[in-house]
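Below: the structure, in structure tokens.
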Amino acid sequence: MFGEMTYLVLLIAWALPVLVLQWAFGWRDLWRARRAWLLATALPTLYLCLADRLALSQGIWHIHEDRSTGITLGGLPLEEALFFLVTNLMVTQTLIFLQSAQTRRRVARWLGRNPQPPVPRHRRGISGDSRGASVARDAAAPDAAATGRVAQGRLVAGAWAAAPSPRPPATAEGAALQRSHGIETGSSGRSALAAGHRRGTLGAAAGCLLSTVCATVLTAPSVLEPVAQAVMQWTPVAIANVLLQRLDPMVARSLALFGALALLLVAGGLLGAVSALGEAKSRVQRLGSQRSSPTSRDLAEAQEPGAPRGLSGALWPGLALAGVAGLTLTFAREASPLPALAYGAGQVSFLLPLLPELIRRRWARPRHARDVPGQDMFQATGPAGSEARLRPAKGVPGLPDTRRALLRHNLWVAGGAAGTLGVAAIDAGRRDRLPGLAGGELFPFQAPPARAEGFPVAGQSPEVTPVARFYVVSKNAQDPAVDTRFWRLRVGGLAQRPVTLAFDDLLTLPRRDEYVTFQCVSNPVGGSLMSNALWSGASLRELLLRAAPLPDAGRVVFRAPDGHEESVPLDLALHPENMVAYAMNGELLTRLHGHPARALLPGLYGFKQVKWLTEISLAPASHRGYWPRRGWTDGAAIRTTARIDLARRESDGIRVAGMALAGGRSISAVEVRLVAGGRAGAPLWLPAEVHLPPLAPPTWVQWRALIDVPPGALGELAVEARAVDGEGRPQEVAPSGPFPDGSAGYHRIAVRG
């Protein structure tokens with residue numbers, strides 16, 4: 001299911017929920033007994049690892065190589081060592097935290113059993129009768145007990161010894177009395193939701209950072225990439241064209257990653273708020289049900305940030321965890337399993353919450369007060385001996401924090417976001433320099449000289465585009481990093497003799513060199529997403545014939561590791577000019593242009609030229625590719641177009657020059673006309689000089705013209721151009737946008753000078 005990661009992914013998916021639940025309910029006890037369970041886990045794990053290593057060496061059992069990563073620790077597969085570790089960890093932690101009374105009470109609260117609160121240490125020596133008398137006194141005079149104890153600056157633990165009494169229904173009197181003590185039902189619920197939202201955003205920032213670091217180590221996609229791809233996919237075509245035309249590809253991808261990170265932070269905050277809905281509801285119910293003046297225990301319980309009581313309260317955290325699990329599984333399918341699991345672990349650890357409470361309660365409270373729930377939850381605001389108003393103590397998780405705490409939270413989130421984007425940027429540059437990923441010179445190359453005098457005109461595009469200036473469009477926020485040392489091209493599907501080629505095998509095949517012009521289907525009329533290069537590769541026709549297509553094969557599918565797949569009819573794929581390209585302009589492909597190999601189908605839009613090619617599959621005629629399934633054209637034939645690169649006044653007229661392309665049909669003529677005041681100034685089109693012959697039939701051509709300015713031409717002047725293909729058909733007049741089958745219409749620009 002996950003290839004070489006199957007064993008590891010299933011092992012983590014099996015153990016992670018149990019470990020999360022153990023730490024969710026018993027983290028205090030597990031932290032205090034950390035030395036005990038670490039030792040109790042390490043010894044049997046070491047023994048089992050040694051025994052398993054011996055069993056594997058003797059051939060008693062074996063691990064499937066196609067289901068494991070191949071990483072070993074002292075000769076033992078990593079997955080086996082991890083299995084023994086997590087198994088022993090779950091057993092020892094379960095034995096430790098189930099012996100704790102506090103953990104049992106916490107579990108009971110989740111089950112709605114309303115357990116007896118713990119007896120403070122300094123009162124554990126009181127006899128039953130005296131304890132009962134104290135309870136009676138507290139129950140008889142709740143206000144006096146609460147006020148007297150809280151006025152000293154903190155709640156005395158004795159207030160927690162009173163047995164819980166049944167809650168009468170909510171009344172207006174109870175709401176007024178609770179407001180008199182400085183706490184309102186609405187603010188209590190909102191504070192719980194705000195705390196949950198903060199935990200969720202922190203978890204999202206931590207999860208994204210962990211996922212990006214994991215993806216960097218494994219050279220795999222992080223969780224940001226499928227989200228960024230969705231952002232780019234759903235961006236309106238007009239806005240996407242502006243970004244592609246105005247921004248560098250790396251800048252555009254950085255913006256996509258930033259948008260993906262923002263969406264995940266928003267999703268994390270929503271999941272955190274959902275997880276706190278039960279807690280907020282529990283607080284509102286506890287405060288709203290007070291008929292008389294609440295005791296210190298009532299007020300502290302109402303603001304306690306622990307888990308909500310009852311199975312109904314546990315529903316909301318369960319829904320939040322289910323949402324995290326759904327996102328994790330989606331990212332594991334769309335990106336990579338381990339980075340997706342790293343994101344899920346970071347998000348869950350703050351949603352429960354484990355780490356914030358561990359850090360803030362373990363070291364922020366005195367050691368002698370750890371066993372008294374809510375002891376530091378409230379402090380008095382009035383002088384001793386007077387009726388004190390209770391307010392939440394500072395730094396209590398789940399309560400409204402100070403501005404400094406809010407600033408600290410925002411800084412943590414911003415730091416996590418900046419770290420995520422920084423690691424992603426460093427990783428993008430690092431992948432291009434990894435062994436087996438960088439390009440190199442295949443043969444010396446020099447652009448051919450002009451074949452006609454006067455070309456190119458100053459300011460006109462060159463016939464051959466340098467690799468560094470060749471346009472780049474990708475649906476990925478982070479392009480795949482494919483190592484040629486491990487790359488394999490598989491030609492199969494509905495074939496009699498499937499073929500598998502390594503990169504060196506591909507290089508040994510007869511090489512073909514051909515000039516081909518690419519154009520993106522999203523290119524607007526007159527846009528810059530059009531470039532030309534000398535491509536080198538192996539014949540696609542020869543590879544398909546070697547695989548021997550079956551009679552049922554109707555289309556050829558090209559697949560890449562980023563999930564992109566496109567297909568063309570089999571008869572079109574068998575054209576002799578098609579190839580599997582591995583070099584451009586004498587250099588091996590770079591990662592931006594599809595290293596180590598890409599499909600090359602002259603005359604079709606760029607999305608059909610699948611980059612990072614790993615599989616060529618013969619499929620039934622019903623197959624449709626990635627972009628056609630999303631509404632784009634399936635035929636993808638390049639439309640005839642003429643682009644104007646310059647239009648300027650010179651001493652003898654208006655100099656106009658540009659490029660023209662008709663896909664595989666070549667260009668036979670280009671015509672221009674002058675437009676004055678928004679209307680055509682000349683009744684007829686004027687022929688332009690075309691740089692012929694073209695470098696190859698499927699390439700663009702340069703053209704130029706000199707237009708005389710008619711007498712009396714007033715207002716702003718502009719020029720239009722149109723091309724005629726090799727079959728004598730002029731380009732379409734009616735303007736249309738890129739979606740779904742490429743833009744059409746005449747290009748017009750203003751005359752300068």
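Residue numbering restarts at 1 for every chain of the structure tokens, chains are lettered A, B, ... in their displayed order, and ligands are numbered from 1 as they appear.
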
Excluding Arg665 of chain A and any residue of its chain fewer than 5 positions from it, enumerate the residues within 8 Å of it, using only C-alpha atoms, and give them as a ChimeraX atom specification.
-> /A:603,697-698,725-727

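Between atom CA of Gly606 of chain A and atom CA of Asn523 of chain A there is a distance of 10.2 Å.
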
With only C-alpha atoms as the basis for distance, which of A:Gln609, A:Ala676, A:Thr420, A:Glu565 is at the shortest distance from Arg629 of chain A?
-> A:Glu565

If you run DSSP over the backbone, which residues in segment 643-736 of chain A end up strand (DSSP E)? Put them as a PyMOL selection string.
-> chain A and resi 643-650+653-661+667-676+679-680+686-687+689-690+701-707+717-725

Selection file, C-alpha atoms, as a compact mmCIF listing (two decimals), in the first residue's frame:
# COMPACT_ATOMS: atom_id res chain seq x y z
CA ARG A 643 3.14 37.57 -30.37
CA ILE A 644 4.46 41.14 -30.67
CA ASP A 645 7.73 41.65 -28.78
CA LEU A 646 8.26 45.30 -29.75
CA ALA A 647 6.57 48.18 -31.57
CA ARG A 648 8.57 51.43 -31.66
CA ARG A 649 8.88 54.53 -33.80
CA GLU A 650 11.94 54.79 -35.99
CA GLY A 653 8.25 54.28 -39.74
CA ILE A 654 7.10 51.95 -37.00
CA ARG A 655 9.29 48.91 -36.41
CA VAL A 656 7.35 45.81 -35.28
CA ALA A 657 8.83 42.39 -34.46
CA GLY A 658 7.82 39.25 -32.62
CA MET A 659 7.38 35.49 -32.67
CA ALA A 660 4.77 33.19 -34.26
CA LEU A 661 3.88 29.58 -33.49
CA ILE A 667 4.12 29.07 -39.97
CA SER A 668 3.63 30.19 -43.56
CA ALA A 669 2.98 33.92 -43.06
CA VAL A 670 2.58 36.71 -40.50
CA GLU A 671 0.57 39.90 -41.07
CA VAL A 672 0.36 43.18 -39.15
CA ARG A 673 -1.83 46.26 -39.21
CA LEU A 674 -1.87 49.67 -37.59
CA VAL A 675 -4.61 50.63 -35.13
CA ALA A 676 -5.30 54.33 -34.50
CA ARG A 679 -9.86 51.29 -34.68
CA ALA A 680 -7.89 49.70 -37.54
CA LEU A 686 0.38 44.12 -44.30
CA PRO A 687 2.73 41.17 -44.78
CA GLU A 689 9.07 39.32 -43.15
CA VAL A 690 9.39 35.83 -41.62
CA VAL A 701 9.64 31.67 -36.09
CA GLN A 702 10.84 35.24 -35.81
CA TRP A 703 9.13 37.93 -37.88
CA ARG A 704 9.52 41.67 -38.42
CA ALA A 705 7.81 44.50 -40.29
CA LEU A 706 8.16 48.23 -40.96
CA ILE A 707 4.86 50.13 -41.11
CA LEU A 717 -1.20 54.25 -32.16
CA ALA A 718 -1.12 50.49 -31.68
CA VAL A 719 -0.35 47.48 -33.82
CA GLU A 720 -1.98 44.06 -34.17
CA ALA A 721 -0.52 40.84 -35.58
CA ARG A 722 -1.88 37.55 -36.81
CA ALA A 723 -0.25 34.38 -38.13
CA VAL A 724 -1.16 31.89 -40.84
CA ASP A 725 -0.21 28.24 -40.33

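Taking atom CA of Leu329 of chain A and atom CA of Trp487 of chain A as endpoints, the distance between them is 26.5 Å.
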
With only C-alpha atoms as the atoms that count, which of A:Thr219, A:Gln22, A:Thr590, A:Gln93 lies nearest to Glu441 of chain A?
->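 The closest residue to Glu441 of chain A is A:Thr590.
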
Which value, in Å to one decimal, gives the distance between atom CA of Glu577 of chain A and atom CA of Arg598 of chain A?
->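 We find that atom CA of Glu577 of chain A and atom CA of Arg598 of chain A lie 14.3 Å from each other.
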
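For Arg34 of chain A, the non-local neighbours within 12 Å, defined as residues at least 4 positions apart in the same chain or in other chains and counting only C-alpha atoms, are Trp23, Gly26, Trp27, Arg28, Asp29, Leu30, Leu38, Leu39, Ala40, Thr41, Ala42, Leu89, Thr92, Gln93, Ile96 and Phe97 of chain A.
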
Please identify all polymer residues within 8 Å of Ala320 of chain A, counting only C-alpha atoms, omitting same-chain residues fewer than 3 positions from it, and present them as a short mmCIF file (atom, residue, chain, number, x, y, z; two decimals) with all heavy atoms, in the first residue's frame.
data_model
loop_
_atom_site.label_atom_id
_atom_site.label_comp_id
_atom_site.auth_asym_id
_atom_site.auth_seq_id
_atom_site.Cartn_x
_atom_site.Cartn_y
_atom_site.Cartn_z
N LEU A 271 -9.94 23.18 14.58
CA LEU A 271 -9.95 21.88 15.25
C LEU A 271 -9.76 22.05 16.75
O LEU A 271 -10.38 21.34 17.55
CB LEU A 271 -8.85 20.99 14.67
CG LEU A 271 -9.08 20.48 13.25
CD1 LEU A 271 -7.84 19.77 12.73
CD2 LEU A 271 -10.28 19.53 13.20
N GLY A 272 -8.89 22.99 17.15
CA GLY A 272 -8.71 23.25 18.57
C GLY A 272 -9.97 23.78 19.22
O GLY A 272 -10.32 23.38 20.34
N VAL A 274 -13.02 23.21 18.17
CA VAL A 274 -13.96 22.08 18.23
C VAL A 274 -13.64 21.18 19.42
O VAL A 274 -14.53 20.72 20.13
CB VAL A 274 -13.92 21.28 16.91
CG1 VAL A 274 -14.67 19.96 17.04
CG2 VAL A 274 -14.53 22.10 15.78
N SER A 275 -12.35 20.92 19.65
CA SER A 275 -11.97 20.06 20.77
C SER A 275 -12.36 20.66 22.11
O SER A 275 -12.52 19.94 23.10
CB SER A 275 -10.47 19.79 20.74
OG SER A 275 -9.74 20.96 21.05
N TRP A 316 -16.67 15.99 21.39
CA TRP A 316 -16.02 17.06 20.63
C TRP A 316 -14.52 16.83 20.47
O TRP A 316 -14.00 16.98 19.35
CB TRP A 316 -16.30 18.41 21.30
CG TRP A 316 -17.77 18.71 21.33
CD1 TRP A 316 -18.60 18.67 22.40
CD2 TRP A 316 -18.58 19.06 20.21
NE1 TRP A 316 -19.88 18.99 22.03
CE2 TRP A 316 -19.90 19.24 20.69
CE3 TRP A 316 -18.32 19.26 18.85
CZ2 TRP A 316 -20.94 19.60 19.85
CZ3 TRP A 316 -19.36 19.61 18.02
CH2 TRP A 316 -20.65 19.78 18.52
N PRO A 317 -13.78 16.48 21.54
CA PRO A 317 -12.37 16.13 21.29
C PRO A 317 -12.23 14.96 20.32
O PRO A 317 -11.29 14.93 19.52
CB PRO A 317 -11.85 15.77 22.69
CG PRO A 317 -12.75 16.49 23.63
CD PRO A 317 -14.09 16.49 22.98
N GLY A 323 -10.83 14.66 12.82
CA GLY A 323 -10.43 15.60 11.77
C GLY A 323 -8.94 15.57 11.51
O GLY A 323 -8.50 15.60 10.35
N VAL A 324 -8.13 15.53 12.58
CA VAL A 324 -6.68 15.43 12.41
C VAL A 324 -6.32 14.12 11.69
O VAL A 324 -5.46 14.10 10.80
CB VAL A 324 -5.97 15.52 13.77
CG1 VAL A 324 -4.48 15.31 13.60
CG2 VAL A 324 -6.24 16.87 14.41
#

A:Ala452, A:Thr641, A:Leu46, A:Ala204: which is nearest Gly346 of chain A, counting only C-alpha atoms?
->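 Among the listed residues, the smallest separation from Gly346 of chain A belongs to A:Ala204.
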
Nearest-residue call for Leu618 of chain A, choices A:Leu210, A:Ala553, A:Ala696, A:Leu43, using only C-alpha atoms =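 Looking at the shortest contact to Leu618 of chain A, the residue is A:Ala553.
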